[in-house]
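Enquirer: I am sharing upload.pdb, which consists of PDB, C-alpha atoms and all ligand atoms:
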```pdb
ATOM      1  CA  MET A  14    -109.995 -30.702   0.512
ATOM      2  CA  SER A  15    -112.489 -31.743  -2.187
ATOM      3  CA  LEU A  16    -111.149 -33.383  -5.308
ATOM      4  CA  GLU A  17    -112.244 -30.312  -7.319
ATOM      5  CA  GLY A  18    -110.364 -28.089  -4.851
ATOM      6  CA  PHE A  19    -107.273 -30.229  -5.318
ATOM      7  CA  PHE A  20    -107.336 -29.885  -9.126
ATOM      8  CA  ARG A  21    -107.873 -26.146  -8.807
ATOM      9  CA  ARG A  22    -105.012 -25.688  -6.390
ATOM     10  CA  ILE A  23    -102.275 -27.432  -8.351
ATOM     11  CA  PRO A  24    -100.272 -24.464  -9.762
ATOM     12  CA  LYS A  25    -100.615 -24.796 -13.508
ATOM     13  CA  ALA A  26     -99.342 -23.257 -16.739
ATOM     14  CA  GLU A  27    -101.868 -22.783 -19.539
ATOM     15  CA  LEU A  28     -99.830 -23.053 -22.749
ATOM     16  CA  HIS A  29    -102.512 -23.889 -25.277
ATOM     17  CA  LEU A  30    -105.397 -21.439 -25.133
ATOM     18  CA  HIS A  31    -106.928 -19.431 -27.990
ATOM     19  CA  LEU A  32    -108.224 -16.019 -26.953
ATOM     20  CA  GLU A  33    -111.213 -16.122 -29.283
ATOM     21  CA  GLY A  34    -112.003 -19.726 -28.323
ATOM     22  CA  ALA A  35    -112.153 -18.564 -24.710
ATOM     23  CA  VAL A  36    -115.174 -16.290 -25.247
ATOM     24  CA  SER A  37    -118.188 -17.486 -23.258
ATOM     25  CA  ALA A  38    -121.514 -17.985 -25.053
ATOM     26  CA  SER A  39    -123.016 -15.040 -23.142
ATOM     27  CA  THR A  40    -120.182 -12.627 -24.014
ATOM     28  CA  PHE A  41    -120.344 -13.834 -27.632
ATOM     29  CA  ALA A  42    -124.095 -13.033 -27.696
ATOM     30  CA  GLU A  43    -123.539  -9.537 -26.259
ATOM     31  CA  LEU A  44    -120.656  -8.675 -28.606
ATOM     32  CA  ALA A  45    -122.478 -10.030 -31.681
ATOM     33  CA  ALA A  46    -125.531  -7.888 -30.852
ATOM     34  CA  GLN A  47    -123.412  -4.820 -30.052
ATOM     35  CA  ASN A  48    -121.386  -5.089 -33.282
ATOM     36  CA  GLY A  49    -124.234  -6.108 -35.601
ATOM     37  CA  VAL A  50    -123.026  -9.646 -36.354
ATOM     38  CA  ALA A  51    -125.881 -11.894 -37.474
ATOM     39  CA  LEU A  52    -125.950 -15.393 -35.991
ATOM     40  CA  PRO A  53    -127.054 -18.367 -38.145
ATOM     41  CA  ASP A  54    -130.831 -18.905 -37.977
ATOM     42  CA  GLY A  55    -130.912 -16.467 -35.059
ATOM     43  CA  LYS A  56    -129.820 -19.379 -32.854
ATOM     44  CA  PRO A  57    -128.842 -18.786 -29.187
ATOM     45  CA  THR A  58    -125.061 -18.782 -28.921
ATOM     46  CA  GLU A  59    -125.105 -21.752 -26.484
ATOM     47  CA  ASP A  60    -126.588 -23.862 -29.282
ATOM     48  CA  LEU A  61    -123.803 -22.803 -31.647
ATOM     49  CA  TYR A  62    -121.145 -24.218 -29.293
ATOM     50  CA  SER A  63    -121.667 -27.767 -30.568
ATOM     51  CA  TYR A  64    -119.780 -29.284 -33.552
ATOM     52  CA  GLY A  65    -119.043 -32.567 -35.261
ATOM     53  CA  ASN A  66    -115.444 -31.915 -36.311
ATOM     54  CA  LEU A  67    -112.604 -29.390 -36.589
ATOM     55  CA  LEU A  68    -114.019 -27.579 -39.637
ATOM     56  CA  ASP A  69    -117.477 -27.198 -38.043
ATOM     57  CA  PHE A  70    -115.804 -25.796 -34.961
ATOM     58  CA  LEU A  71    -113.685 -23.333 -36.970
ATOM     59  CA  LYS A  72    -116.815 -21.855 -38.616
ATOM     60  CA  VAL A  73    -118.216 -20.925 -35.217
ATOM     61  CA  TYR A  74    -114.781 -19.741 -34.040
ATOM     62  CA  ASP A  75    -114.714 -17.344 -37.033
ATOM     63  CA  LEU A  76    -118.119 -15.965 -36.018
ATOM     64  CA  VAL A  77    -116.822 -15.306 -32.516
ATOM     65  CA  CYS A  78    -113.808 -13.542 -34.050
ATOM     66  CA  ALA A  79    -116.116 -11.403 -36.210
ATOM     67  CA  SER A  80    -117.947 -10.225 -33.079
ATOM     68  CA  VAL A  81    -114.862  -8.670 -31.439
ATOM     69  CA  ARG A  82    -114.159  -5.200 -32.839
ATOM     70  CA  SER A  83    -112.931  -2.488 -30.455
ATOM     71  CA  ALA A  84    -109.949  -2.355 -28.102
ATOM     72  CA  ASP A  85    -112.493  -2.497 -25.251
ATOM     73  CA  ASP A  86    -113.927  -5.710 -26.705
ATOM     74  CA  PHE A  87    -110.437  -7.236 -26.813
ATOM     75  CA  SER A  88    -109.699  -6.105 -23.276
ATOM     76  CA  ARG A  89    -112.961  -7.620 -22.072
ATOM     77  CA  ILE A  90    -112.489 -11.038 -23.684
ATOM     78  CA  THR A  91    -108.842 -11.172 -22.584
ATOM     79  CA  PHE A  92    -109.667 -10.339 -18.975
ATOM     80  CA  GLU A  93    -112.542 -12.831 -18.905
ATOM     81  CA  ALA A  94    -110.342 -15.586 -20.392
ATOM     82  CA  LEU A  95    -107.534 -14.935 -17.913
ATOM     83  CA  GLU A  96    -109.940 -14.650 -14.991
ATOM     84  CA  ARG A  97    -111.239 -18.143 -15.772
ATOM     85  CA  CYS A  98    -107.631 -19.394 -15.960
ATOM     86  CA  ALA A  99    -106.811 -17.839 -12.589
ATOM     87  CA  LEU A 100    -109.918 -19.337 -10.977
ATOM     88  CA  GLY A 101    -108.921 -22.743 -12.402
ATOM     89  CA  GLY A 102    -105.499 -22.497 -10.778
ATOM     90  CA  ALA A 103    -103.314 -21.164 -13.605
ATOM     91  CA  ARG A 104    -100.299 -19.109 -12.553
ATOM     92  CA  TYR A 105     -99.061 -18.402 -16.033
ATOM     93  CA  VAL A 106    -100.695 -18.269 -19.483
ATOM     94  CA  GLU A 107     -99.402 -18.238 -23.060
ATOM     95  CA  LEU A 108    -102.309 -17.000 -25.151
ATOM     96  CA  PHE A 109    -102.804 -17.530 -28.890
ATOM     97  CA  PHE A 110    -104.839 -15.088 -30.928
ATOM     98  CA  SER A 111    -105.886 -14.969 -34.591
ATOM     99  CA  PRO A 112    -105.008 -11.583 -36.162
ATOM    100  CA  HIS A 113    -106.236 -12.439 -39.692
ATOM    101  CA  ALA A 114    -109.773 -13.109 -38.438
ATOM    102  CA  HIS A 115    -110.018  -9.522 -37.132
ATOM    103  CA  LEU A 116    -108.092  -7.814 -39.935
ATOM    104  CA  ALA A 117    -110.803  -9.262 -42.221
ATOM    105  CA  HIS A 118    -113.325  -7.059 -40.384
ATOM    106  CA  GLY A 119    -111.258  -3.895 -40.521
ATOM    107  CA  VAL A 120    -109.763  -4.164 -37.028
ATOM    108  CA  THR A 121    -106.120  -3.021 -36.972
ATOM    109  CA  TYR A 122    -103.362  -5.090 -35.391
ATOM    110  CA  SER A 123    -102.629  -2.126 -33.071
ATOM    111  CA  THR A 124    -106.221  -2.143 -31.814
ATOM    112  CA  MET A 125    -105.984  -5.869 -31.064
ATOM    113  CA  LEU A 126    -102.728  -5.431 -29.136
ATOM    114  CA  GLU A 127    -103.987  -2.390 -27.239
ATOM    115  CA  GLY A 128    -107.038  -4.280 -25.968
ATOM    116  CA  ILE A 129    -105.281  -7.559 -25.241
ATOM    117  CA  LEU A 130    -102.448  -5.904 -23.307
ATOM    118  CA  ASP A 131    -104.996  -3.923 -21.294
ATOM    119  CA  GLY A 132    -106.691  -7.240 -20.434
ATOM    120  CA  PHE A 133    -103.280  -8.632 -19.386
ATOM    121  CA  ARG A 134    -102.724  -5.630 -17.106
ATOM    122  CA  ARG A 135    -106.122  -6.001 -15.448
ATOM    123  CA  ALA A 136    -105.684  -9.762 -14.890
ATOM    124  CA  ARG A 137    -102.255  -9.182 -13.389
ATOM    125  CA  GLU A 138    -103.572  -6.497 -11.024
ATOM    126  CA  ARG A 139    -106.608  -8.529  -9.986
ATOM    127  CA  TYR A 140    -105.173 -12.073  -9.846
ATOM    128  CA  GLY A 141    -101.380 -11.732 -10.070
ATOM    129  CA  LEU A 142    -101.592 -13.807 -13.250
ATOM    130  CA  VAL A 143     -98.739 -13.410 -15.748
ATOM    131  CA  ALA A 144     -99.643 -13.786 -19.419
ATOM    132  CA  LYS A 145     -97.715 -13.750 -22.700
ATOM    133  CA  LEU A 146     -98.986 -13.548 -26.245
ATOM    134  CA  ILE A 147     -98.640 -15.777 -29.341
ATOM    135  CA  PRO A 148    -100.058 -14.445 -32.623
ATOM    136  CA  ALA A 149    -101.073 -17.462 -34.698
ATOM    137  CA  HIS A 150    -100.974 -17.755 -38.476
ATOM    138  CA  ALA A 151    -104.003 -19.428 -40.060
ATOM    139  CA  LYS A 152    -102.479 -22.146 -42.249
ATOM    140  CA  PRO A 153    -105.102 -21.870 -45.026
ATOM    141  CA  LEU A 154    -103.705 -18.385 -45.780
ATOM    142  CA  GLY A 155    -100.581 -20.146 -47.037
ATOM    143  CA  ALA A 156     -96.909 -19.270 -47.092
ATOM    144  CA  GLU A 157     -97.292 -15.854 -48.713
ATOM    145  CA  GLY A 158     -99.938 -14.879 -46.192
ATOM    146  CA  GLY A 159     -97.575 -16.169 -43.522
ATOM    147  CA  GLU A 160     -94.753 -13.874 -44.667
ATOM    148  CA  ARG A 161     -97.096 -10.872 -44.414
ATOM    149  CA  PHE A 162     -98.283 -12.102 -41.013
ATOM    150  CA  LEU A 163     -94.698 -12.264 -39.775
ATOM    151  CA  ASP A 164     -93.885  -8.813 -41.204
ATOM    152  CA  MET A 165     -96.801  -7.439 -39.183
ATOM    153  CA  VAL A 166     -95.755  -9.246 -36.001
ATOM    154  CA  LEU A 167     -92.153  -8.050 -36.267
ATOM    155  CA  ALA A 168     -93.191  -4.459 -36.998
ATOM    156  CA  GLU A 169     -95.042  -4.020 -33.703
ATOM    157  CA  ARG A 170     -93.525  -6.142 -31.032
ATOM    158  CA  PRO A 171     -94.316  -5.485 -27.358
ATOM    159  CA  ALA A 172     -92.349  -7.627 -24.880
ATOM    160  CA  GLU A 173     -95.418  -9.792 -24.195
ATOM    161  CA  ILE A 174     -95.144 -11.353 -27.652
ATOM    162  CA  ILE A 175     -92.919 -14.378 -27.103
ATOM    163  CA  GLY A 176     -93.551 -16.451 -30.172
ATOM    164  CA  ILE A 177     -95.782 -17.363 -33.071
ATOM    165  CA  GLY A 178     -98.015 -20.349 -33.762
ATOM    166  CA  PHE A 179     -99.741 -21.980 -36.746
ATOM    167  CA  ASP A 180    -103.313 -23.223 -36.511
ATOM    168  CA  TYR A 181    -106.664 -23.737 -38.340
ATOM    169  CA  ASP A 182    -107.346 -26.409 -40.928
ATOM    170  CA  GLU A 183    -104.369 -28.728 -40.768
ATOM    171  CA  ARG A 184    -104.632 -31.480 -43.380
ATOM    172  CA  PRO A 185    -104.466 -29.462 -46.636
ATOM    173  CA  ASN A 186    -101.562 -27.349 -45.298
ATOM    174  CA  PRO A 187     -98.484 -29.464 -44.427
ATOM    175  CA  PRO A 188     -95.836 -27.995 -42.099
ATOM    176  CA  GLY A 189     -93.174 -27.741 -44.824
ATOM    177  CA  MET A 190     -95.152 -24.899 -46.437
ATOM    178  CA  PHE A 191     -94.096 -22.671 -43.563
ATOM    179  CA  LEU A 192     -90.366 -23.457 -43.324
ATOM    180  CA  GLY A 193     -89.245 -20.011 -44.544
ATOM    181  CA  ILE A 194     -91.493 -18.212 -42.052
ATOM    182  CA  VAL A 195     -90.366 -20.417 -39.176
ATOM    183  CA  GLU A 196     -86.710 -19.735 -40.011
ATOM    184  CA  ARG A 197     -87.294 -15.986 -40.171
ATOM    185  CA  ALA A 198     -89.211 -16.012 -36.893
ATOM    186  CA  LYS A 199     -86.484 -17.969 -35.113
ATOM    187  CA  ALA A 200     -83.792 -15.647 -36.493
ATOM    188  CA  ALA A 201     -85.778 -12.727 -35.064
ATOM    189  CA  GLY A 202     -85.696 -14.350 -31.612
ATOM    190  CA  LEU A 203     -89.272 -15.630 -31.521
ATOM    191  CA  ASN A 204     -90.299 -19.031 -30.214
ATOM    192  CA  VAL A 205     -92.393 -21.122 -32.588
ATOM    193  CA  THR A 206     -95.009 -23.828 -32.105
ATOM    194  CA  ASN A 207     -97.246 -25.643 -34.576
ATOM    195  CA  HIS A 208    -100.655 -27.331 -34.406
ATOM    196  CA  ALA A 209     -99.941 -30.771 -35.900
ATOM    197  CA  GLY A 210    -101.265 -34.321 -35.665
ATOM    198  CA  GLU A 211    -104.684 -33.195 -34.457
ATOM    199  CA  ASP A 212    -106.562 -34.343 -37.542
ATOM    200  CA  GLY A 213    -103.432 -34.487 -39.713
ATOM    201  CA  PRO A 214    -101.111 -37.524 -39.942
ATOM    202  CA  ALA A 215     -98.012 -38.553 -37.986
ATOM    203  CA  ASP A 216     -95.913 -37.273 -40.917
ATOM    204  CA  TYR A 217     -96.959 -33.723 -39.986
ATOM    205  CA  VAL A 218     -95.662 -34.249 -36.459
ATOM    206  CA  ARG A 219     -92.387 -35.553 -37.916
ATOM    207  CA  ASP A 220     -92.117 -32.563 -40.269
ATOM    208  CA  THR A 221     -92.779 -30.197 -37.371
ATOM    209  CA  VAL A 222     -89.921 -31.749 -35.403
ATOM    210  CA  ASP A 223     -87.409 -32.658 -38.133
ATOM    211  CA  LEU A 224     -88.112 -30.187 -40.937
ATOM    212  CA  LEU A 225     -89.223 -27.098 -38.991
ATOM    213  CA  GLY A 226     -86.949 -28.030 -36.078
ATOM    214  CA  LEU A 227     -89.584 -27.259 -33.436
ATOM    215  CA  ARG A 228     -89.631 -28.767 -29.965
ATOM    216  CA  ARG A 229     -93.212 -27.842 -29.172
ATOM    217  CA  VAL A 230     -96.215 -29.373 -30.928
ATOM    218  CA  ASP A 231     -99.809 -28.354 -30.231
ATOM    219  CA  HIS A 232    -101.943 -31.528 -29.956
ATOM    220  CA  GLY A 233     -99.707 -34.001 -31.839
ATOM    221  CA  TYR A 234    -101.977 -36.994 -31.186
ATOM    222  CA  HIS A 235    -101.236 -38.857 -34.432
ATOM    223  CA  VAL A 236     -97.652 -39.372 -33.234
ATOM    224  CA  VAL A 237     -99.052 -42.614 -31.763
ATOM    225  CA  ASP A 238     -99.419 -43.990 -35.304
ATOM    226  CA  ASP A 239     -95.616 -44.102 -35.721
ATOM    227  CA  PRO A 240     -93.673 -45.930 -32.961
ATOM    228  CA  ALA A 241     -90.256 -44.815 -34.298
ATOM    229  CA  LEU A 242     -91.384 -41.180 -34.287
ATOM    230  CA  MET A 243     -92.689 -41.609 -30.750
ATOM    231  CA  GLU A 244     -89.294 -42.813 -29.630
ATOM    232  CA  ARG A 245     -87.561 -39.930 -31.420
ATOM    233  CA  CYS A 246     -89.900 -37.379 -29.770
ATOM    234  CA  ARG A 247     -89.232 -38.963 -26.385
ATOM    235  CA  GLU A 248     -85.467 -38.714 -26.909
ATOM    236  CA  LEU A 249     -85.714 -35.105 -28.090
ATOM    237  CA  ASP A 250     -88.099 -34.252 -25.233
ATOM    238  CA  VAL A 251     -90.604 -32.696 -27.623
ATOM    239  CA  VAL A 252     -93.419 -31.014 -25.688
ATOM    240  CA  PHE A 253     -96.976 -31.921 -26.712
ATOM    241  CA  THR A 254     -99.588 -29.423 -25.502
ATOM    242  CA  CYS A 255    -102.611 -31.727 -25.335
ATOM    243  CA  CYS A 256    -106.255 -30.790 -24.810
ATOM    244  CA  PRO A 257    -108.428 -33.726 -23.697
ATOM    245  CA  SER A 258    -111.869 -32.193 -24.360
ATOM    246  CA  THR A 259    -110.832 -31.024 -27.844
ATOM    247  CA  THR A 260    -110.000 -34.607 -28.829
ATOM    248  CA  LEU A 261    -113.648 -35.560 -28.285
ATOM    249  CA  VAL A 262    -114.646 -33.232 -31.152
ATOM    250  CA  THR A 263    -111.750 -32.818 -33.580
ATOM    251  CA  THR A 264    -110.029 -36.223 -33.549
ATOM    252  CA  VAL A 265    -110.734 -39.909 -34.051
ATOM    253  CA  TRP A 266    -110.175 -40.507 -30.301
ATOM    254  CA  ARG A 267    -113.578 -39.676 -28.839
ATOM    255  CA  ASP A 268    -113.534 -41.816 -25.707
ATOM    256  CA  LEU A 269    -111.203 -40.676 -22.945
ATOM    257  CA  ALA A 270    -111.899 -43.872 -21.001
ATOM    258  CA  SER A 271    -110.498 -46.046 -23.797
ATOM    259  CA  PRO A 272    -106.979 -47.435 -23.259
ATOM    260  CA  ASP A 273    -106.420 -46.568 -26.943
ATOM    261  CA  HIS A 274    -106.928 -42.844 -26.421
ATOM    262  CA  ALA A 275    -103.940 -41.045 -27.937
ATOM    263  CA  ILE A 276    -103.143 -38.845 -24.925
ATOM    264  CA  ARG A 277    -103.104 -41.871 -22.662
ATOM    265  CA  ARG A 278    -100.796 -43.743 -25.024
ATOM    266  CA  MET A 279     -98.509 -40.711 -25.313
ATOM    267  CA  MET A 280     -98.250 -40.481 -21.530
ATOM    268  CA  ASP A 281     -97.716 -44.225 -21.156
ATOM    269  CA  ALA A 282     -94.907 -44.030 -23.734
ATOM    270  CA  GLY A 283     -93.113 -41.377 -21.666
ATOM    271  CA  LEU A 284     -93.679 -38.443 -24.030
ATOM    272  CA  ASN A 285     -93.581 -34.942 -22.584
ATOM    273  CA  VAL A 286     -97.342 -34.317 -22.423
ATOM    274  CA  THR A 287     -98.749 -31.150 -20.896
ATOM    275  CA  ILE A 288    -102.478 -30.538 -20.355
ATOM    276  CA  HIS A 289    -104.449 -27.492 -21.521
ATOM    277  CA  THR A 290    -107.879 -26.318 -22.704
ATOM    278  CA  ASP A 291    -107.574 -24.958 -26.306
ATOM    279  CA  ASP A 292    -110.990 -23.225 -26.479
ATOM    280  CA  PRO A 293    -112.514 -23.815 -23.045
ATOM    281  CA  PRO A 294    -116.108 -22.469 -23.185
ATOM    282  CA  MET A 295    -116.402 -23.553 -26.808
ATOM    283  CA  PHE A 296    -115.545 -27.113 -25.745
ATOM    284  CA  GLY A 297    -117.413 -26.852 -22.418
ATOM    285  CA  THR A 298    -114.386 -27.064 -20.154
ATOM    286  CA  THR A 299    -111.956 -25.334 -17.783
ATOM    287  CA  LEU A 300    -108.299 -25.995 -16.931
ATOM    288  CA  ASP A 301    -109.057 -27.725 -13.621
ATOM    289  CA  ARG A 302    -111.697 -29.848 -15.380
ATOM    290  CA  GLU A 303    -109.150 -31.056 -17.946
ATOM    291  CA  TYR A 304    -106.933 -32.230 -15.081
ATOM    292  CA  ALA A 305    -109.911 -33.926 -13.448
ATOM    293  CA  LEU A 306    -110.757 -35.663 -16.732
ATOM    294  CA  ILE A 307    -107.328 -37.219 -17.173
ATOM    295  CA  ALA A 308    -107.129 -38.126 -13.472
ATOM    296  CA  LYS A 309    -110.405 -40.011 -13.676
ATOM    297  CA  ASN A 310    -110.052 -41.577 -17.105
ATOM    298  CA  PHE A 311    -106.353 -42.445 -17.026
ATOM    299  CA  GLY A 312    -106.295 -43.343 -13.315
ATOM    300  CA  LEU A 313    -103.545 -40.834 -12.461
ATOM    301  CA  SER A 314    -102.425 -40.314  -8.869
ATOM    302  CA  PRO A 315    -102.242 -36.852  -7.268
ATOM    303  CA  ALA A 316     -98.438 -37.083  -7.418
ATOM    304  CA  ARG A 317     -98.538 -37.812 -11.154
ATOM    305  CA  LEU A 318    -100.890 -34.865 -11.728
ATOM    306  CA  LYS A 319     -98.475 -32.581  -9.959
ATOM    307  CA  GLU A 320     -95.721 -33.871 -12.257
ATOM    308  CA  VAL A 321     -97.888 -33.055 -15.285
ATOM    309  CA  ALA A 322     -98.451 -29.529 -13.948
ATOM    310  CA  LEU A 323     -94.725 -29.058 -13.342
ATOM    311  CA  ALA A 324     -94.022 -30.307 -16.871
ATOM    312  CA  GLY A 325     -96.313 -27.510 -18.103
ATOM    313  CA  LEU A 326     -94.363 -24.839 -16.231
ATOM    314  CA  ALA A 327     -91.062 -26.365 -17.396
ATOM    315  CA  ALA A 328     -92.269 -26.419 -21.024
ATOM    316  CA  SER A 329     -93.294 -22.767 -20.958
ATOM    317  CA  TRP A 330     -91.382 -20.076 -22.815
ATOM    318  CA  LEU A 331     -90.711 -18.167 -19.623
ATOM    319  CA  ASP A 332     -87.061 -17.183 -19.290
ATOM    320  CA  PRO A 333     -85.067 -19.816 -17.338
ATOM    321  CA  GLU A 334     -84.490 -17.491 -14.358
ATOM    322  CA  THR A 335     -88.202 -16.769 -13.810
ATOM    323  CA  LYS A 336     -89.028 -20.414 -14.435
ATOM    324  CA  ARG A 337     -86.660 -21.540 -11.683
ATOM    325  CA  THR A 338     -88.304 -19.257  -9.144
ATOM    326  CA  TRP A 339     -91.746 -20.635 -10.041
ATOM    327  CA  MET A 340     -90.973 -24.358  -9.936
TER     328      MET A 340
HETATM  329  N1  LIG B 401    -107.954 -22.790 -33.443
HETATM  330  C1  LIG B 401    -108.560 -22.852 -32.267
HETATM  331  N2  LIG B 401    -108.654 -24.135 -31.842
HETATM  332  C2  LIG B 401    -108.076 -24.896 -32.808
HETATM  333  C3  LIG B 401    -107.854 -26.297 -32.948
HETATM  334  N3  LIG B 401    -108.240 -27.172 -32.030
HETATM  335  N4  LIG B 401    -107.239 -26.722 -34.064
HETATM  336  C4  LIG B 401    -106.842 -25.853 -35.015
HETATM  337  N5  LIG B 401    -107.023 -24.533 -34.911
HETATM  338  C5  LIG B 401    -107.628 -24.057 -33.813
HETATM  339 ZN    ZN B 402    -105.271 -25.001 -30.468
END
```
Output the file's structure in the form of structure tokens.

Expert:
Amino acid sequence: MSLEGFFRRIPKAELHLHLEGAVSASTFAELAAQNGVALPDGKPTEDLYSYGNLLDFLKVYDLVCASVRSADDFSRITFEALERCALGGARYVELFFSPHAHLAHGVTYSTMLEGILDGFRRARERYGLVAKLIPAHAKPLGAEGGERFLDMVLAERPAEIIGIGFDYDERPNPPGMFLGIVERAKAAGLNVTNHAGEDGPADYVRDTVDLLGLRRVDHGYHVVDDPALMERCRELDVVFTCCPSTTLVTTVWRDLASPDHAIRRMMDAGLNVTIHTDDPPMFGTTLDREYALIAKNFGLSPARLKEVALAGLAASWLDPETKRTWM
């Protein structure tokens, strides 16, 4: 079997994937034209998928969001995202989406859910892929915006919604701002995860773990700046959903081959690292490619890669019974 075939065939869980970041440049171009969204300088969408940092990236991400309007649009981008996951060897997907970015264009939450769940159904029928949904709160909308976000999520709650996340610009919006929302979400039986330590400091990883009480951190790379926190996260078995290609754009670690790369140091320190894609076409990657990247750059054996994949399934929010049958 080719090396590529091997990476594809390892059964994987995709736990860190943003629906809107999974829209290909060609689908983005078609939806923007169809829905009358003007692109900057009339540039081809491929040229827009290139950024210097997190904020640059988020501007393009918002344009993609603006281009998705009808339930059919949501179904299309969901199916296409899940199809790419299935072809890259994913068995199970937990998918973030960004409600506020569509509400801003007059799209109702019900329309989003209708389209996304239709995409889930089609991907399950075609590929047997199981997917769950994680509405994500955009941190710049603050705590008050977060309360309204949670009200909306709790008011219309199909079984596919298994938790909430927090994303977007990290540094000006420390985790503690969202304590009340996290507590309400947990009390309502939702899982919670938080983007932290991507371009924010180690303190934000600590606050996510100790103040918000979460055991899943999206990215988390700046944990390496605090050895005591690293040890605490190892003891608590905190899951870090890491995305190698993203680090080359949004973080200070832009060389995967460097022994100083944060993901490598997190793995070497025995942290519970799982590997995902974040926004695959927007960062020019796929799930099997992310595995290939860490194999090559960190010198990981096939057996170690299988362990990483199993860690992903184990870290998922699937119920324990289903998880056991899959592992
Ligand atoms: N939304 C989509 N991708 C993101 C990332 N890498 N960081 C913060 N918010 C995001
Ligand atoms: Zn993310």

Enquirer: Take the PyMOL selection byres (((chain A and resi 187) around 9) and not hetatm), apply it to the structure above, and return the hits as a PyMOL selection string.

Expert: chain A and resi 152+183-186+188-191+209+213+216-217+220

Enquirer: How close does chain A get to ligand ZN 402 (chain B)? List, as a tab-separated table, each residue of chain A within 7 Å, its nearest atom pair and the distance in Å to one decimal, counting all atoms listed in the file.

Expert:
```
residue	atom	partner	partner_atom	distance
A:His29	CA	B:ZN402	ZN	6.0
A:Leu30	CA	B:ZN402	ZN	6.4
A:His31	CA	B:ZN402	ZN	6.3
A:Asp180	CA	B:ZN402	ZN	6.6
A:His208	CA	B:ZN402	ZN	6.5
A:Asp231	CA	B:ZN402	ZN	6.4
A:Asp291	CA	B:ZN402	ZN	4.8
```

Enquirer: Check which residues satisfy the PyMOL selection byres (((chain A and resi 294-304) around 8) and not hetatm) in the file shown, then give them as JSON, numbers by chain.

Expert: {"A": [17, 20, 21, 27, 34, 35, 36, 37, 38, 62, 63, 97, 98, 101, 102, 103, 256, 257, 258, 259, 288, 289, 290, 292, 293, 305, 306, 307, 308, 318]}

Enquirer: Given the file shown, determine the residues that the PyMOL selection byres (((chain A and resi 247-255) around 9) and not hetatm) selects; report them as a PDB file with C-alpha atoms, in the frame of the given file.

Expert:
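See part_8.pdb below for the written result:
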```pdb
ATOM      1  CA  LEU A  28     -99.830 -23.053 -22.749  1.00  0.00           C
ATOM      2  CA  HIS A  29    -102.512 -23.889 -25.277  1.00  0.00           C
ATOM      3  CA  VAL A 222     -89.921 -31.749 -35.403  1.00  0.00           C
ATOM      4  CA  LEU A 227     -89.584 -27.259 -33.436  1.00  0.00           C
ATOM      5  CA  ARG A 228     -89.631 -28.767 -29.965  1.00  0.00           C
ATOM      6  CA  ARG A 229     -93.212 -27.842 -29.172  1.00  0.00           C
ATOM      7  CA  VAL A 230     -96.215 -29.373 -30.928  1.00  0.00           C
ATOM      8  CA  ASP A 231     -99.809 -28.354 -30.231  1.00  0.00           C
ATOM      9  CA  HIS A 232    -101.943 -31.528 -29.956  1.00  0.00           C
ATOM     10  CA  GLY A 233     -99.707 -34.001 -31.839  1.00  0.00           C
ATOM     11  CA  TYR A 234    -101.977 -36.994 -31.186  1.00  0.00           C
ATOM     12  CA  LEU A 242     -91.384 -41.180 -34.287  1.00  0.00           C
ATOM     13  CA  MET A 243     -92.689 -41.609 -30.750  1.00  0.00           C
ATOM     14  CA  GLU A 244     -89.294 -42.813 -29.630  1.00  0.00           C
ATOM     15  CA  ARG A 245     -87.561 -39.930 -31.420  1.00  0.00           C
ATOM     16  CA  CYS A 246     -89.900 -37.379 -29.770  1.00  0.00           C
ATOM     17  CA  CYS A 256    -106.255 -30.790 -24.810  1.00  0.00           C
ATOM     18  CA  PRO A 257    -108.428 -33.726 -23.697  1.00  0.00           C
ATOM     19  CA  THR A 259    -110.832 -31.024 -27.844  1.00  0.00           C
ATOM     20  CA  THR A 260    -110.000 -34.607 -28.829  1.00  0.00           C
ATOM     21  CA  ILE A 276    -103.143 -38.845 -24.925  1.00  0.00           C
ATOM     22  CA  ALA A 282     -94.907 -44.030 -23.734  1.00  0.00           C
ATOM     23  CA  GLY A 283     -93.113 -41.377 -21.666  1.00  0.00           C
ATOM     24  CA  LEU A 284     -93.679 -38.443 -24.030  1.00  0.00           C
ATOM     25  CA  ASN A 285     -93.581 -34.942 -22.584  1.00  0.00           C
ATOM     26  CA  VAL A 286     -97.342 -34.317 -22.423  1.00  0.00           C
ATOM     27  CA  THR A 287     -98.749 -31.150 -20.896  1.00  0.00           C
ATOM     28  CA  ILE A 288    -102.478 -30.538 -20.355  1.00  0.00           C
ATOM     29  CA  HIS A 289    -104.449 -27.492 -21.521  1.00  0.00           C
ATOM     30  CA  THR A 290    -107.879 -26.318 -22.704  1.00  0.00           C
ATOM     31  CA  ASP A 291    -107.574 -24.958 -26.306  1.00  0.00           C
ATOM     32  CA  ALA A 324     -94.022 -30.307 -16.871  1.00  0.00           C
ATOM     33  CA  GLY A 325     -96.313 -27.510 -18.103  1.00  0.00           C
ATOM     34  CA  ALA A 328     -92.269 -26.419 -21.024  1.00  0.00           C
TER      35      ALA A 328
END
```

Enquirer: Quick one, how far is atom CA of A:His118 from atom CA of A:Val77?

Expert: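 Distance reported for this atom pair: 11.9 Å.
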
Enquirer: Just give me the gap between atom CA of A:Asp86 and atom CA of A:Ala42 in Å, one decimal is fine.

Expert: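 Answer for the atom CA of A:Asp86 to atom CA of A:Ala42 separation: 12.6 Å.
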
Enquirer: Please indicate the distance in Å from atom CA of A:His113 to atom CA of A:Met125, rounded to one decimal place.

Expert: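 Separation of atom CA of A:His113 and atom CA of A:Met125: 10.8 Å.
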